[in-house]
file coords_9.cif (mmCIF, C-alpha atoms and all ligand atoms)
data_my_file
loop_
_atom_site.label_atom_id
_atom_site.label_comp_id
_atom_site.auth_asym_id
_atom_site.auth_seq_id
_atom_site.Cartn_x
_atom_site.Cartn_y
_atom_site.Cartn_z
CA MET A 1 29.37 14.57 10.93
CA LYS A 2 27.81 14.57 7.47
CA ILE A 3 24.04 14.22 7.59
CA LEU A 4 21.95 13.87 4.45
CA VAL A 5 18.34 15.03 4.87
CA ALA A 6 16.01 13.27 2.43
CA ASN A 7 12.68 14.87 1.58
CA LEU A 8 10.56 12.38 -0.36
CA GLY A 9 7.30 13.23 -2.11
CA SER A 10 5.10 10.90 -4.11
CA THR A 11 6.92 11.98 -7.29
CA SER A 12 9.80 14.06 -5.96
CA PHE A 13 13.09 13.67 -4.11
CA LYS A 14 14.85 16.67 -2.55
CA TYR A 15 17.94 16.55 -0.41
CA ARG A 16 20.25 18.70 1.67
CA LEU A 17 23.63 17.65 2.96
CA PHE A 18 24.81 19.20 6.24
CA GLU A 19 28.06 19.12 8.16
CA MET A 20 26.93 19.07 11.79
CA GLY A 21 29.04 19.34 14.92
CA GLU A 22 29.15 21.15 18.25
CA GLY A 23 28.49 24.78 17.26
CA GLU A 24 28.76 23.85 13.57
CA GLU A 25 25.90 23.78 11.06
CA ASP A 26 27.00 24.01 7.43
CA LEU A 27 24.93 23.32 4.34
CA LEU A 28 27.28 21.50 1.94
CA ALA A 29 24.96 20.62 -0.92
CA GLU A 30 21.33 20.61 -1.98
CA GLY A 31 19.33 19.46 -4.94
CA GLY A 32 16.20 17.75 -6.09
CA TYR A 33 14.33 15.80 -8.73
CA GLU A 34 10.74 16.04 -9.96
CA ARG A 35 8.62 13.37 -11.67
CA VAL A 36 10.52 10.58 -9.96
CA GLY A 37 9.58 7.05 -10.93
CA ASP A 38 12.59 5.20 -9.51
CA TYR A 39 13.88 6.47 -6.16
CA GLY A 40 16.98 4.24 -6.38
CA LYS A 41 18.08 5.90 -9.61
CA VAL A 42 17.74 9.49 -8.37
CA ILE A 43 19.36 8.70 -5.00
CA ARG A 44 22.39 7.23 -6.81
CA ASP A 45 22.46 10.21 -9.13
CA ALA A 46 22.32 12.66 -6.20
CA LEU A 47 25.19 10.87 -4.45
CA SER A 48 27.32 11.00 -7.63
CA THR A 49 26.55 14.70 -8.01
CA MET A 50 27.70 15.32 -4.43
CA GLU A 51 30.92 13.43 -5.12
CA GLU A 52 31.57 15.27 -8.38
CA SER A 53 31.01 18.67 -6.77
CA GLY A 54 33.43 17.82 -3.98
CA ALA A 55 30.76 18.12 -1.27
CA ILE A 56 31.80 14.61 -0.25
CA GLY A 57 35.05 12.80 -0.96
CA SER A 58 33.26 9.46 -1.03
CA GLN A 59 29.74 8.22 -0.31
CA GLU A 60 30.95 6.48 2.87
CA GLU A 61 31.45 9.93 4.43
CA ILE A 62 27.67 10.24 4.86
CA GLU A 63 27.19 8.96 8.38
CA VAL A 64 23.46 9.48 8.76
CA VAL A 65 20.43 9.90 6.52
CA GLY A 66 17.49 11.75 8.10
CA PHE A 67 13.89 11.33 6.91
CA LYS A 68 11.07 13.82 7.55
CA THR A 69 8.45 11.10 7.88
CA VAL A 70 4.87 12.29 8.16
CA LEU A 71 2.69 9.87 10.07
CA GLY A 72 3.28 6.49 11.69
CA ARG A 73 0.70 4.13 13.12
CA ASN A 74 1.43 3.88 16.86
CA LEU A 75 4.81 5.53 16.42
CA SER A 76 6.15 9.08 16.62
CA GLY A 77 9.22 11.00 17.77
CA CYS A 78 12.79 10.92 16.48
CA VAL A 79 13.66 7.26 16.02
CA GLU A 80 16.03 4.93 14.17
CA ALA A 81 14.46 4.20 10.78
CA GLY A 82 14.35 0.40 10.86
CA ASP A 83 11.61 -2.19 10.51
CA GLU A 84 9.44 -0.60 13.19
CA VAL A 85 9.32 2.67 11.23
CA LEU A 86 8.57 0.87 7.96
CA GLU A 87 5.70 -0.98 9.62
CA ALA A 88 4.34 2.23 11.15
CA LEU A 89 4.48 4.02 7.77
CA GLU A 90 2.82 1.16 5.96
CA GLY A 91 0.16 0.88 8.69
CA PHE A 92 -1.04 4.40 7.89
CA ALA A 93 -0.27 4.48 4.15
CA GLU A 94 -3.91 5.21 3.37
CA VAL A 95 -4.01 8.25 5.65
CA ALA A 96 -0.94 9.88 4.06
CA PRO A 97 -0.90 8.34 0.58
CA ALA A 98 1.32 11.02 -0.95
CA HIS A 99 4.01 10.61 1.71
CA ASN A 100 4.11 7.28 3.55
CA PRO A 101 4.75 4.93 0.60
CA ALA A 102 7.42 7.33 -0.70
CA TYR A 103 9.26 7.38 2.64
CA ALA A 104 9.02 3.62 3.06
CA ALA A 105 10.50 3.18 -0.43
CA GLY A 106 13.20 5.79 0.25
CA ILE A 107 14.27 4.23 3.55
CA ARG A 108 14.57 0.82 1.85
CA GLN A 109 16.58 2.28 -1.02
CA PHE A 110 19.00 4.07 1.28
CA SER A 111 19.57 0.90 3.31
CA GLU A 112 20.73 -0.79 0.10
CA ILE A 113 22.63 2.11 -1.44
CA LEU A 114 24.33 3.39 1.75
CA PRO A 115 24.38 0.32 4.02
CA GLY A 116 27.00 1.87 6.31
CA ALA A 117 24.95 5.00 7.08
CA ARG A 118 22.61 5.17 10.03
CA ARG A 119 19.00 6.00 9.20
CA VAL A 120 16.90 8.21 11.47
CA ALA A 121 13.28 9.30 11.05
CA LEU A 122 11.76 12.43 12.57
CA PHE A 123 7.98 12.20 12.44
CA GLU A 124 6.05 15.39 11.71
CA THR A 125 3.71 14.34 14.52
CA ALA A 126 6.54 14.36 17.11
CA PHE A 127 5.97 17.97 18.12
CA TYR A 128 2.45 17.14 19.34
CA GLN A 129 3.27 14.29 21.71
CA TRP A 130 2.64 16.51 24.76
CA VAL A 131 -0.74 17.87 23.64
CA SER A 132 -3.28 17.06 26.36
CA GLU A 133 -5.50 14.04 25.89
CA ALA A 134 -8.53 16.29 25.50
CA GLY A 135 -6.68 18.18 22.80
CA ARG A 136 -5.97 14.99 20.88
CA ARG A 137 -9.18 13.07 21.34
CA TYR A 138 -12.09 13.04 18.90
CA ALA A 139 -15.46 12.29 20.47
CA VAL A 140 -15.71 9.01 18.56
CA PRO A 141 -16.59 5.59 19.99
CA LYS A 142 -13.77 3.94 21.96
CA GLY A 143 -13.19 1.31 19.27
CA TRP A 144 -12.42 4.04 16.73
CA HIS A 145 -10.07 5.75 19.13
CA GLU A 146 -8.27 2.47 19.75
CA ALA A 147 -7.93 2.02 15.98
CA GLY A 148 -5.87 5.24 15.93
CA ILE A 149 -8.59 7.80 15.12
CA GLN A 150 -7.24 10.84 16.96
CA ARG A 151 -5.68 14.21 16.24
CA HIS A 152 -2.06 13.74 15.20
CA GLY A 153 -0.94 17.14 13.93
CA PHE A 154 1.59 17.81 11.16
CA HIS A 155 4.25 20.36 10.12
CA GLY A 156 5.99 19.49 13.39
CA ALA A 157 9.50 20.35 12.16
CA SER A 158 8.37 23.76 10.93
CA HIS A 159 6.48 24.71 14.10
CA LYS A 160 9.35 23.44 16.25
CA PHE A 161 11.74 25.72 14.38
CA VAL A 162 9.35 28.62 15.04
CA ALA A 163 9.12 27.65 18.73
CA GLU A 164 12.89 27.83 19.09
CA ARG A 165 13.57 30.88 16.93
CA SER A 166 10.68 32.94 18.32
CA ALA A 167 11.91 32.23 21.86
CA GLU A 168 15.34 33.56 20.86
CA LEU A 169 13.80 36.64 19.24
CA LEU A 170 11.71 37.25 22.36
CA GLY A 171 14.80 37.08 24.54
CA ARG A 172 13.90 33.76 26.15
CA ARG A 173 17.07 31.66 25.96
CA ASP A 174 15.61 29.36 28.63
CA VAL A 175 12.71 28.39 26.37
CA ALA A 176 14.89 28.14 23.24
CA GLN A 177 17.22 25.72 25.04
CA GLY A 178 14.25 23.69 26.24
CA VAL A 179 13.01 23.40 22.65
CA GLN A 180 16.43 22.19 21.52
CA ARG A 181 16.34 19.35 24.03
CA LEU A 182 12.59 18.70 23.83
CA TYR A 183 12.73 15.30 22.12
CA GLN A 184 15.49 14.08 24.42
CA ASP A 185 14.39 15.48 27.78
CA GLY A 186 10.67 16.25 27.33
CA PRO A 187 9.14 19.58 28.39
CA VAL A 188 10.89 21.52 31.14
CA GLU A 189 9.16 23.93 33.51
CA THR A 190 9.99 27.59 32.97
CA GLU A 191 9.47 30.29 35.57
CA ARG A 192 7.40 32.42 33.22
CA PRO A 193 5.33 30.97 30.36
CA LEU A 194 6.05 32.06 26.79
CA ARG A 195 2.93 32.10 24.64
CA VAL A 196 3.29 31.88 20.87
CA ILE A 197 0.99 31.14 17.95
CA SER A 198 2.69 29.89 14.80
CA CYS A 199 1.00 30.16 11.40
CA HIS A 200 2.60 27.88 8.80
CA LEU A 201 0.90 29.09 5.62
CA GLY A 202 2.08 27.41 2.42
CA GLY A 203 0.93 24.86 -0.12
CA SER A 204 -0.28 23.09 2.95
CA SER A 205 -1.09 25.16 6.04
CA SER A 206 -1.52 24.80 9.79
CA VAL A 207 -1.73 26.94 12.93
CA THR A 208 -0.18 25.74 16.19
CA GLY A 209 -0.45 27.07 19.75
CA ILE A 210 2.84 26.83 21.68
CA ARG A 211 3.38 27.31 25.41
CA SER A 212 7.00 27.64 26.54
CA GLY A 213 8.17 25.80 23.45
CA VAL A 214 5.69 22.92 23.68
CA ALA A 215 2.69 22.55 21.36
CA ILE A 216 -0.71 22.71 23.07
CA GLY A 217 -2.69 22.00 19.91
CA THR A 218 -2.76 22.46 16.15
CA SER A 219 -5.27 22.88 13.36
CA MET A 220 -4.39 19.63 11.57
CA GLY A 221 -5.99 16.53 13.02
CA PHE A 222 -6.08 12.88 11.99
CA SER A 223 -4.76 13.48 8.50
CA PRO A 224 -3.12 16.35 6.60
CA GLN A 225 -6.53 16.92 4.95
CA SER A 226 -7.85 18.83 7.97
CA GLY A 227 -7.61 22.33 9.41
CA LEU A 228 -7.20 25.36 7.14
CA PRO A 229 -8.19 25.17 3.47
CA GLN A 230 -5.07 23.90 1.66
CA ASN A 231 -3.89 24.53 -1.90
CA ASN A 232 -6.15 21.83 -3.39
CA ARG A 233 -7.32 19.99 -0.25
CA VAL A 234 -10.45 20.73 1.67
CA GLY A 235 -9.33 21.34 5.25
CA ASP A 236 -11.96 21.00 7.98
CA LEU A 237 -15.24 19.45 6.88
CA ASP A 238 -18.29 18.39 8.86
CA SER A 239 -18.35 14.57 9.09
CA GLY A 240 -21.99 14.67 8.02
CA VAL A 241 -21.06 15.87 4.55
CA ILE A 242 -19.53 12.63 3.28
CA PRO A 243 -22.48 10.28 3.87
CA TYR A 244 -24.80 13.00 2.56
CA VAL A 245 -22.79 13.44 -0.65
CA MET A 246 -22.57 9.67 -1.14
CA LYS A 247 -26.32 9.38 -0.96
CA SER A 248 -27.46 12.58 -2.64
CA LEU A 249 -24.82 12.94 -5.39
CA GLY A 250 -24.18 9.21 -5.75
CA LEU A 251 -20.40 9.59 -5.44
CA SER A 252 -18.20 6.68 -4.40
CA VAL A 253 -15.82 6.96 -1.44
CA GLU A 254 -12.88 6.93 -3.86
CA GLU A 255 -14.33 9.76 -5.93
CA ILE A 256 -15.13 11.82 -2.84
CA GLU A 257 -11.59 11.29 -1.60
CA ARG A 258 -10.17 12.37 -4.95
CA GLN A 259 -12.26 15.52 -5.12
CA LEU A 260 -11.56 16.47 -1.51
CA THR A 261 -7.80 15.97 -1.88
CA LYS A 262 -7.26 17.25 -5.44
CA GLU A 263 -10.08 19.59 -6.40
CA SER A 264 -10.88 21.41 -3.18
CA GLY A 265 -9.18 24.07 -1.05
CA LEU A 266 -8.04 27.30 -2.74
CA LEU A 267 -8.29 25.61 -6.13
CA GLY A 268 -11.79 24.31 -5.55
CA VAL A 269 -13.22 27.59 -4.28
CA SER A 270 -11.44 29.93 -6.70
CA GLY A 271 -11.20 27.83 -9.85
CA ALA A 272 -8.17 30.03 -10.53
CA GLY A 273 -5.37 27.72 -9.42
CA ASN A 274 -3.79 26.24 -6.34
CA ASP A 275 -0.96 28.76 -6.01
CA LEU A 276 -1.84 31.80 -3.92
CA ARG A 277 -0.20 34.10 -6.48
CA ASP A 278 -2.63 32.94 -9.17
CA VAL A 279 -5.62 33.21 -6.87
CA ARG A 280 -4.57 36.69 -5.80
CA ALA A 281 -4.06 37.79 -9.42
CA ALA A 282 -7.55 36.58 -10.31
CA ALA A 283 -9.05 38.29 -7.24
CA THR A 284 -7.30 41.56 -8.07
CA GLY A 285 -8.74 41.26 -11.59
CA GLY A 286 -12.25 41.17 -10.09
CA ASP A 287 -12.93 37.42 -9.90
CA ALA A 288 -15.45 36.98 -7.05
CA ASP A 289 -14.67 33.28 -6.47
CA ALA A 290 -10.95 33.99 -6.16
CA LYS A 291 -11.69 36.80 -3.73
CA LEU A 292 -13.80 34.44 -1.65
CA ALA A 293 -11.01 31.82 -1.60
CA LEU A 294 -8.64 34.41 -0.12
CA GLU A 295 -11.22 35.51 2.43
CA LEU A 296 -11.76 31.90 3.42
CA LEU A 297 -8.03 31.33 4.02
CA ILE A 298 -7.82 34.50 6.12
CA HIS A 299 -11.01 33.66 8.03
CA GLU A 300 -9.85 30.14 8.89
CA THR A 301 -6.37 31.31 9.89
CA ARG A 302 -7.94 33.80 12.31
CA ARG A 303 -10.41 31.23 13.60
CA TRP A 304 -7.67 28.70 14.35
CA ALA A 305 -5.29 31.28 15.80
CA SER A 306 -7.98 32.52 18.18
CA SER A 307 -8.83 28.96 19.21
CA PHE A 308 -5.57 28.71 21.21
CA LEU A 309 -5.84 32.07 22.96
CA PHE A 310 -7.98 31.00 25.93
CA GLU A 311 -5.74 28.06 26.71
CA LEU A 312 -2.58 30.13 26.35
CA GLY A 313 -4.12 32.84 28.54
CA GLY A 314 -2.43 35.59 26.52
CA LEU A 315 0.04 36.02 23.72
CA ASP A 316 3.69 37.10 23.51
CA GLY A 317 4.53 36.21 19.91
CA PHE A 318 2.58 35.71 16.69
CA VAL A 319 4.54 34.19 13.81
CA PHE A 320 4.11 33.77 10.07
CA THR A 321 6.15 31.13 8.25
CA ALA A 322 6.27 29.13 4.96
CA GLY A 323 5.72 30.27 1.35
CA ILE A 324 2.51 32.24 1.89
CA GLY A 325 3.32 33.50 5.39
CA GLU A 326 6.75 34.75 4.32
CA ASN A 327 5.86 36.41 1.03
CA HIS A 328 2.42 38.01 1.22
CA PRO A 329 2.25 41.14 3.43
CA TRP A 330 -1.37 41.87 2.40
CA LEU A 331 -2.45 38.51 3.83
CA ARG A 332 -0.57 39.10 7.11
CA GLU A 333 -2.25 42.50 7.33
CA ALA A 334 -5.67 40.90 6.88
CA VAL A 335 -4.98 38.15 9.45
CA CYS A 336 -3.89 40.76 12.03
CA ALA A 337 -6.63 43.31 11.32
CA GLY A 338 -8.64 44.81 14.18
CA LEU A 339 -6.63 43.27 17.04
CA GLU A 340 -5.40 46.53 18.56
CA GLU A 341 -7.53 45.96 21.68
CA PHE A 342 -5.77 42.64 22.21
CA GLY A 343 -2.42 44.39 22.04
CA LEU A 344 -1.47 43.23 18.55
CA VAL A 345 -0.58 46.06 16.17
CA LEU A 346 1.35 45.70 12.91
CA ASP A 347 3.86 48.23 11.63
CA HIS A 348 2.61 48.63 8.07
CA ALA A 349 5.93 49.71 6.56
CA LYS A 350 7.88 46.91 8.25
CA ASN A 351 5.24 44.41 7.16
CA GLU A 352 5.35 45.61 3.54
CA GLY A 353 9.13 45.50 3.52
CA CYS A 354 9.43 41.97 4.86
CA ARG A 355 9.36 39.35 2.08
CA GLY A 356 11.06 35.99 2.23
CA GLU A 357 13.28 37.00 5.15
CA GLU A 358 13.19 37.11 8.92
CA GLY A 359 11.79 40.24 10.49
CA GLU A 360 9.77 41.75 13.31
CA ILE A 361 6.73 43.40 11.76
CA SER A 362 4.80 44.64 14.80
CA ALA A 363 4.61 48.29 15.85
CA GLU A 364 6.76 49.57 18.74
CA SER A 365 3.55 49.92 20.78
CA SER A 366 2.43 46.35 20.15
CA LYS A 367 2.35 44.18 23.27
CA VAL A 368 2.32 41.07 21.09
CA LYS A 369 5.43 40.85 18.90
CA VAL A 370 4.72 39.71 15.36
CA PHE A 371 7.47 37.98 13.38
CA VAL A 372 8.13 36.51 9.99
CA ILE A 373 10.41 33.49 10.41
CA PRO A 374 11.41 31.69 7.20
CA ALA A 375 10.73 27.96 7.41
CA ASN A 376 13.78 25.75 7.70
CA GLU A 377 12.51 22.24 8.14
CA GLU A 378 15.64 20.55 6.77
CA LEU A 379 17.83 22.28 9.36
CA VAL A 380 15.48 21.15 12.15
CA LEU A 381 15.82 17.64 10.82
CA ALA A 382 19.61 17.82 10.65
CA ARG A 383 19.74 19.19 14.21
CA GLU A 384 17.36 16.58 15.60
CA VAL A 385 19.09 13.73 13.82
CA TYR A 386 22.47 14.98 15.06
CA ARG A 387 21.18 15.12 18.64
CA LYS A 388 19.63 11.69 18.35
CA VAL A 389 22.81 10.12 16.99
CA SER A 390 24.94 11.92 19.59
CA VAL A 391 22.77 10.43 22.35
CA LEU A 392 22.96 6.95 20.80
CA ASN A 393 26.74 7.03 20.47
P1 LIG B 401 4.92 23.82 0.19
O1 LIG B 401 3.89 23.97 1.25
O2 LIG B 401 4.43 23.06 -1.00
O3 LIG B 401 6.26 23.36 0.70
P2 LIG B 401 5.51 26.67 0.10
O4 LIG B 401 5.72 26.74 1.57
O5 LIG B 401 6.54 27.27 -0.77
O6 LIG B 401 5.24 25.22 -0.44
O7 LIG B 401 4.12 27.39 -0.20
C1 LIG B 401 3.59 27.51 -1.48
C2 LIG B 401 2.72 28.77 -1.51
O8 LIG B 401 3.53 29.87 -1.12
C3 LIG B 401 2.15 29.09 -2.86
O9 LIG B 401 0.76 29.32 -2.73
C4 LIG B 401 2.83 30.36 -3.29
O10 LIG B 401 1.90 31.33 -3.74
C5 LIG B 401 3.50 30.91 -2.06
N1 LIG B 401 4.88 31.32 -2.35
C6 LIG B 401 5.99 30.55 -2.23
N2 LIG B 401 7.09 31.27 -2.57
C7 LIG B 401 6.66 32.50 -2.93
C8 LIG B 401 7.32 33.70 -3.38
N3 LIG B 401 8.64 33.76 -3.53
N4 LIG B 401 6.55 34.76 -3.63
C9 LIG B 401 5.21 34.72 -3.48
N5 LIG B 401 4.55 33.61 -3.06
C10 LIG B 401 5.24 32.52 -2.78
#

call {"tool": "encode", "arguments": {"input": "coords_9.cif", "output": "structure tokens", "more": "lines below"}}
Ligand code: ADP
result
Amino acid sequence: MKILVANLGSTSFKYRLFEMGEGEEDLLAEGGYERVGDYGKVIRDALSTMEESGAIGSQEEIEVVGFKTVLGRNLSGCVEAGDEVLEALEGFAEVAPAHNPAYAAGIRQFSEILPGARRVALFETAFYQWVSEAGRRYAVPKGWHEAGIQRHGFHGASHKFVAERSAELLGRRDVAQGVQRLYQDGPVETERPLRVISCHLGGSSSVTGIRSGVAIGTSMGFSPQSGLPQNNRVGDLDSGVIPYVMKSLGLSVEEIERQLTKESGLLGVSGAGNDLRDVRAAATGGDADAKLALELLIHETRRWASSFLFELGGLDGFVFTAGIGENHPWLREAVCAGLEEFGLVLDHAKNEGCRGEEGEISAESSKVKVFVIPANEELVLAREVYRKVSVLN
């Protein structure tokens, strides 16, 4: 079954085409466009490119299009991308302005361009549907809660991939199989718990606590603006700051929103850029602000990782994933520093040698196994969409 995974940004369109079957997962084609103004045009262009390259004989061969939707109002999970999904995306367009309008437009375009293909959405929030109520609730008035003000969580596809792959690497087939069937069957009891913390550190970052393949909580809350400091977004911020800044600096809500989502995070603190490589280069050159930005990212990663330890009651696996997590051994070293008493010890040579590839980087003596697991969100999407469609058929 040919499944096209569509990754839509506010000005970008990336795609991967998979051939999926029982025991079969092949990547047939991939590509992308930047500075997109007209989604219809680039989607048609991508389909022609796939035909010309021979990846597909004809466009009708694409049976399903999968969408990595971010946040829906009153809707989550892996669901058919019809009117209900469009409504849910539009209902929270203001909370995820870079993503929701783009996905709504993309889903509409695909329904016109490939009317015969099924459309399935996997929400990034889906992985958090079993987080306890206390873990999801903000202590806001009931009316706010009823209006949807709660912790949603994001990067669900990435953390789910880590949940499954880390279980395999830790020799827990039972948990890995449970993760595969999680969205169809819900959580299954395992005889022994498996306790994992997953650090997705990239342009946008989050830390998730996972018990036996099921998320118990994550650093991102209501919107993707929360949690760790992001490339140019603020991360966690005391709710008292906004009214104070409005009154004392005379900034409008729109201006505050712009500065917190475009001029904050690593960029805001360092002034050196929003890519970790640029911030690191400035810090190495002696720039104190850049050094502080790095320390802040490390500090917040450790703070969030430790926040899940009590609830997990111990730790079996600690995982780094995404662009920063996969490629910066010095940062992994700093995040894991001084944890020998907790049973977490890195192997320095293995850590240094592991860049952009999967690897175990903990010392032989380490009770907690530390892994680098390259992110593969598109594959998670293809797998989930395939399972969903197989159930529907
Ligand atoms: P996004 O979150 O936008 O999908 P990534 O997961 O690739 O992007 O994360 C981007 C961050 O990861 C950047 O700060 C960049 O410094 C870092 N990064 C990505 N790839 C590499 C690489 N090959 N080498 C070093 N750093 C990288």

call {"tool": "residues_around", "arguments": {"input": "coords_9.cif", "residues": "Glu61 of chain A", "least_positions_apart": "6", "cutoff": "9 Å", "atoms": "all atoms listed in the file", "output": "number ranges by chain"}}
result
A: 1-2, 117

call {"tool": "residues_near_ligand", "arguments": {"input": "coords_9.cif", "ligand": "ligand LIG 401 (chain B)", "cutoff": "6 Å", "atoms": "all atoms listed in the file", "output": "PDB file with C-alpha atoms, in the coordinates of the input"}}
result
ATOM      1  CA  GLY A 202       2.080  27.410   2.420  1.00  0.00           C
ATOM      2  CA  GLY A 203       0.930  24.860  -0.120  1.00  0.00           C
ATOM      3  CA  SER A 204      -0.280  23.090   2.950  1.00  0.00           C
ATOM      4  CA  ASP A 275      -0.960  28.760  -6.010  1.00  0.00           C
ATOM      5  CA  LEU A 276      -1.840  31.800  -3.920  1.00  0.00           C
ATOM      6  CA  ARG A 277      -0.200  34.100  -6.480  1.00  0.00           C
ATOM      7  CA  ALA A 322       6.270  29.130   4.960  1.00  0.00           C
ATOM      8  CA  GLY A 323       5.720  30.270   1.350  1.00  0.00           C
ATOM      9  CA  ILE A 324       2.510  32.240   1.890  1.00  0.00           C
ATOM     10  CA  ASN A 327       5.860  36.410   1.030  1.00  0.00           C
TER      11      ASN A 327
END

call {"tool": "residues_around", "arguments": {"input": "coords_9.cif", "residues": "Glu189 of chain A", "least_positions_apart": "4", "cutoff": "10 Å", "atoms": "only C-alpha atoms", "output": "number ranges by chain"}}
result
A: 174-175, 178, 193, 212

call {"tool": "closest_residue", "arguments": {"input": "coords_9.cif", "among": "A:Gly317, A:Gly156, A:Pro329, A:Pro187", "to": "Leu344 of chain A", "atoms": "all atoms listed in the file"}}
result
A:Gly317

call {"tool": "atom_distance", "arguments": {"input": "coords_9.cif", "atom1": "atom CA of Gln177 of chain A", "atom2": "atom CA of Leu17 of chain A"}}
result
24.4 Å

call {"tool": "closest_residue", "arguments": {"input": "coords_9.cif", "among": "A:Ala139, A:Val162, A:Ala105, A:Ala55", "to": "Asn376 of chain A", "atoms": "all atoms listed in the file"}}
result
A:Val162

call {"tool": "closest_residue", "arguments": {"input": "coords_9.cif", "among": "A:Val120, A:Cys199, A:Leu28, A:Met20", "to": "Val65 of chain A", "atoms": "all atoms listed in the file"}}
result
A:Val120

call {"tool": "residues_near_point", "arguments": {"input": "coords_9.cif", "point": "(-9.1, 35.4, 10.2)", "cutoff": "9 Å", "atoms": "all atoms listed in the file", "output": "PDB file with C-alpha atoms, in the coordinates of the input"}}
result
ATOM      1  CA  GLU A 295     -11.220  35.510   2.430  1.00  0.00           C
ATOM      2  CA  LEU A 296     -11.760  31.900   3.420  1.00  0.00           C
ATOM      3  CA  LEU A 297      -8.030  31.330   4.020  1.00  0.00           C
ATOM      4  CA  ILE A 298      -7.820  34.500   6.120  1.00  0.00           C
ATOM      5  CA  HIS A 299     -11.010  33.660   8.030  1.00  0.00           C
ATOM      6  CA  GLU A 300      -9.850  30.140   8.890  1.00  0.00           C
ATOM      7  CA  THR A 301      -6.370  31.310   9.890  1.00  0.00           C
ATOM      8  CA  ARG A 302      -7.940  33.800  12.310  1.00  0.00           C
ATOM      9  CA  ARG A 303     -10.410  31.230  13.600  1.00  0.00           C
ATOM     10  CA  TRP A 304      -7.670  28.700  14.350  1.00  0.00           C
ATOM     11  CA  ALA A 305      -5.290  31.280  15.800  1.00  0.00           C
ATOM     12  CA  SER A 306      -7.980  32.520  18.180  1.00  0.00           C
ATOM     13  CA  ALA A 334      -5.670  40.900   6.880  1.00  0.00           C
ATOM     14  CA  VAL A 335      -4.980  38.150   9.450  1.00  0.00           C
ATOM     15  CA  CYS A 336      -3.890  40.760  12.030  1.00  0.00           C
ATOM     16  CA  ALA A 337      -6.630  43.310  11.320  1.00  0.00           C
TER      17      ALA A 337
END

call {"tool": "residues_around", "arguments": {"input": "coords_9.cif", "residues": "Gly221 of chain A", "least_positions_apart": "2", "cutoff": "6 Å", "atoms": "all atoms listed in the file", "output": "list in words"}}
result
Arg151, His152, Gly153, Ser223 and Ser226 of chain A
